[in-house]
Amino acid sequence: MRHFGHIPSVKRAGLFHREPAEFTAASPARTLATALGATLYSPATRPRLAAAVRKQAARGVVSMVLCLEDSISDADVEAGEDNLVREFAELAADGADTPLLFIRVREPAQITALVDRLGETIHLLSGFVLPKFTENRGHAFLEALVEAERTSGRRLFAMPVLESPELLHLETRGETLAGIASLTEKYRDHVLALRLGVTDFCSAYGLRRSPEMTAYDIKVVAHVISDVVNVLGRADGTGFTITGPVWEYFRPGERMFKPQLRRSPFLEGSAEDLRTALIEHDLDGLLREIELDRANGLLGKTCIHPTHVLPVHALSVVSHEEWTDAQDILRPERGGGGVLRSAYTNKMNEVKPHRAWAERILLRAEVFGVAKEDVGFVELLTAGLTG
């Protein structure tokens, strides 16, 4: 797998100062957690699920969640499990490349049962998404995951979803976060990333953000995100990758962008041209939320529509300026600290305070690449659209 791997190599070479590196499901956990990008959700009951997975892989999706929880009705869970077993067998039979695949379960027992039923096709599975995760509820899920690893001989990761009322409510938040921190530290080698369930947070107060608003405009939600990052997203080695919340809005069909986005006159247009087109298609809020995700310490995003994937990935590419600053900060001769003017002569880089930021930039650069100096979001998005 490679981010922007669906773009022809010649075109990719014209976009990147340093191209995204290849990775596999066997890559180190730190690499995979950074590389998740836009994680596309699909109901496990979806007909022709294997074909849908192949289609999205060909369009640049590198991680997917096949959901047995909130996206399907209680009555359809058994049918969803049966469908997963059939569709995994089809994927294994044709040998096509697949994204990192995760299954979102409802109960711990589903983990061991599904691993048993998947049999040899388990090699296509990267792990499980664990809903409404707290210390009390999460322990059984993680123990089931460890048991499934032991019986299958396959490395399997957990992605807990932080969405419970105990985490949202102020009077129980501190204790809940401390419990989650304790449990995830105990199972650190098994936890790939933590995911935020902002829709559930809003539901607890009867709220729903409009297409013009981001999760950070809903203050009760923004405070929870801040506290989660404070406790679970630290850069001192105790933190985890925390992914951004889902964006709920899309237009019918998969061709959300105007036709002119794929025509050469537009490709020569300005960033404002693209921004205007995206606003008309209800994506301005998504773009602002992605930027705020990163500014607040989140990486990657839960996605429920294929048209959200490319904007997430395009805004995850490291700019040439970020790369240059990070390289300067991390030079061996800077080990003693100090302050230096950036190569772009527009800021001061403080070596010690900015070191953790620079290390994260280099890790993101490894999997998303570094754009050429004159390449920005516009060029990355339109290149992905035109293929």
# chains A, B, ... in the order shown; residues from 1 in each chain; ligands from 1
$ select_by_dssp --residues "range 140-182 of chain A" --states "strand (DSSP E or B)" --output "list in words"
Phe157, Ala158, Met159, Pro160, Val161 and Leu162 of chain A
$ residues_around --residues "Met159 in chain A" --least-positions-apart "5" --cutoff "7 Å" --atoms "only C-alpha atoms" --output "ChimeraX atom specification"
/A:128-130,191-195
$ write_last_selection --atoms "N, CA and C atoms" --output "tab-separated table (two decimals), in the first residue's frame"
chain	number	residue	atom	x	y	z
A	128	PHE	N	-9.85	-5.10	15.15
A	128	PHE	CA	-11.24	-4.85	15.51
A	128	PHE	C	-11.40	-3.45	16.09
A	129	VAL	N	-12.55	-2.87	15.82
A	129	VAL	CA	-12.93	-1.59	16.41
A	129	VAL	C	-13.86	-1.88	17.57
A	130	LEU	N	-13.55	-1.30	18.73
A	130	LEU	CA	-14.25	-1.63	19.98
A	130	LEU	C	-15.13	-0.46	20.40
A	191	VAL	N	-3.06	-1.86	20.97
A	191	VAL	CA	-3.90	-0.70	20.63
A	191	VAL	C	-3.22	0.10	19.54
A	192	LEU	N	-3.86	0.14	18.36
A	192	LEU	CA	-3.27	0.85	17.23
A	192	LEU	C	-3.57	2.34	17.30
A	193	ALA	N	-4.81	2.70	17.58
A	193	ALA	CA	-5.23	4.10	17.63
A	193	ALA	C	-6.52	4.19	18.42
A	194	LEU	N	-6.84	5.39	18.89
A	194	LEU	CA	-8.09	5.65	19.57
A	194	LEU	C	-8.96	6.50	18.65
A	195	ARG	N	-10.24	6.17	18.57
A	195	ARG	CA	-11.15	6.88	17.68
A	195	ARG	C	-12.20	7.62	18.51
$ closest_residue --among "A:Leu196, A:Ala148, A:Leu125, A:Ala13" --to "Gln110 in chain A" --atoms "only C-alpha atoms"
A:Ala148
$ residues_around --residues "Ala204 in chain A" --least-positions-apart "5" --cutoff "12 Å" --atoms "only C-alpha atoms" --output "list of chain:residue names"
A:Glu163, A:Ser164, A:Pro165, A:Glu166, A:Leu167, A:Leu168, A:His169, A:Gly197, A:Val198, A:Thr199, A:Val220, A:Val221
$ write_last_selection --atoms "N, CA, C and O atoms" --output "mmCIF file, in the first residue's frame"
data_model
loop_
_atom_site.group_PDB
_atom_site.id
_atom_site.type_symbol
_atom_site.label_atom_id
_atom_site.label_comp_id
_atom_site.auth_asym_id
_atom_site.auth_seq_id
_atom_site.Cartn_x
_atom_site.Cartn_y
_atom_site.Cartn_z
ATOM 1 N N GLU A 163 -16.637 7.117 23.163
ATOM 2 C CA GLU A 163 -17.955 7.687 22.845
ATOM 3 C C GLU A 163 -18.968 7.496 23.957
ATOM 4 O O GLU A 163 -20.150 7.774 23.767
ATOM 5 N N SER A 164 -18.537 7.037 25.128
ATOM 6 C CA SER A 164 -19.485 6.697 26.187
ATOM 7 C C SER A 164 -19.941 7.947 26.941
ATOM 8 O O SER A 164 -19.216 8.943 27.030
ATOM 9 N N PRO A 165 -21.138 7.915 27.528
ATOM 10 C CA PRO A 165 -21.621 9.048 28.332
ATOM 11 C C PRO A 165 -20.694 9.363 29.504
ATOM 12 O O PRO A 165 -20.554 10.529 29.884
ATOM 13 N N GLU A 166 -20.063 8.344 30.077
ATOM 14 C CA GLU A 166 -19.158 8.583 31.206
ATOM 15 C C GLU A 166 -18.001 9.493 30.817
ATOM 16 O O GLU A 166 -17.488 10.254 31.634
ATOM 17 N N LEU A 167 -17.583 9.400 29.555
ATOM 18 C CA LEU A 167 -16.496 10.248 29.074
ATOM 19 C C LEU A 167 -16.994 11.660 28.789
ATOM 20 O O LEU A 167 -16.279 12.644 28.986
ATOM 21 N N LEU A 168 -18.223 11.780 28.357
ATOM 22 C CA LEU A 168 -18.787 13.081 28.014
ATOM 23 C C LEU A 168 -19.144 13.896 29.250
ATOM 24 O O LEU A 168 -18.851 15.090 29.331
ATOM 25 N N HIS A 169 -19.765 13.266 30.228
ATOM 26 C CA HIS A 169 -20.266 13.995 31.390
ATOM 27 C C HIS A 169 -19.112 14.474 32.269
ATOM 28 O O HIS A 169 -18.209 13.707 32.612
ATOM 29 N N GLY A 197 -15.943 9.186 19.026
ATOM 30 C CA GLY A 197 -17.330 9.024 18.581
ATOM 31 C C GLY A 197 -18.131 10.282 18.860
ATOM 32 O O GLY A 197 -18.980 10.317 19.762
ATOM 33 N N VAL A 198 -17.882 11.329 18.085
ATOM 34 C CA VAL A 198 -18.497 12.624 18.345
ATOM 35 C C VAL A 198 -20.004 12.609 18.121
ATOM 36 O O VAL A 198 -20.744 13.345 18.782
ATOM 37 N N THR A 199 -20.497 11.776 17.211
ATOM 38 C CA THR A 199 -21.948 11.701 16.997
ATOM 39 C C THR A 199 -22.662 11.274 18.276
ATOM 40 O O THR A 199 -23.720 11.810 18.623
ATOM 41 N N VAL A 220 -19.365 21.762 24.045
ATOM 42 C CA VAL A 220 -19.363 20.606 24.930
ATOM 43 C C VAL A 220 -18.554 19.460 24.322
ATOM 44 O O VAL A 220 -17.890 18.694 25.038
ATOM 45 N N VAL A 221 -18.565 19.354 22.989
ATOM 46 C CA VAL A 221 -17.777 18.344 22.293
ATOM 47 C C VAL A 221 -16.302 18.739 22.256
ATOM 48 O O VAL A 221 -15.407 17.923 22.489
#
$ atom_distance --atom1 "CA of Thr34 in chain A" --atom2 "CA of Lys372 in chain A"
20.9 Å
$ residues_around --residues "His308 in chain A" --least-positions-apart "5" --cutoff "10 Å" --atoms "only C-alpha atoms" --output "ChimeraX atom specification"
/A:38-40,246-250,254,256,283,286-287,301-303,313
$ closest_residue --among "A:His17, A:Leu66, A:Thr98, A:Gly80" --to "Arg54 in chain A" --atoms "only C-alpha atoms"
A:Thr98
$ closest_residue --among "A:Ala50, A:Val367, A:Val61, A:Ile242" --to "Thr307 in chain A" --atoms "only C-alpha atoms"
A:Val61
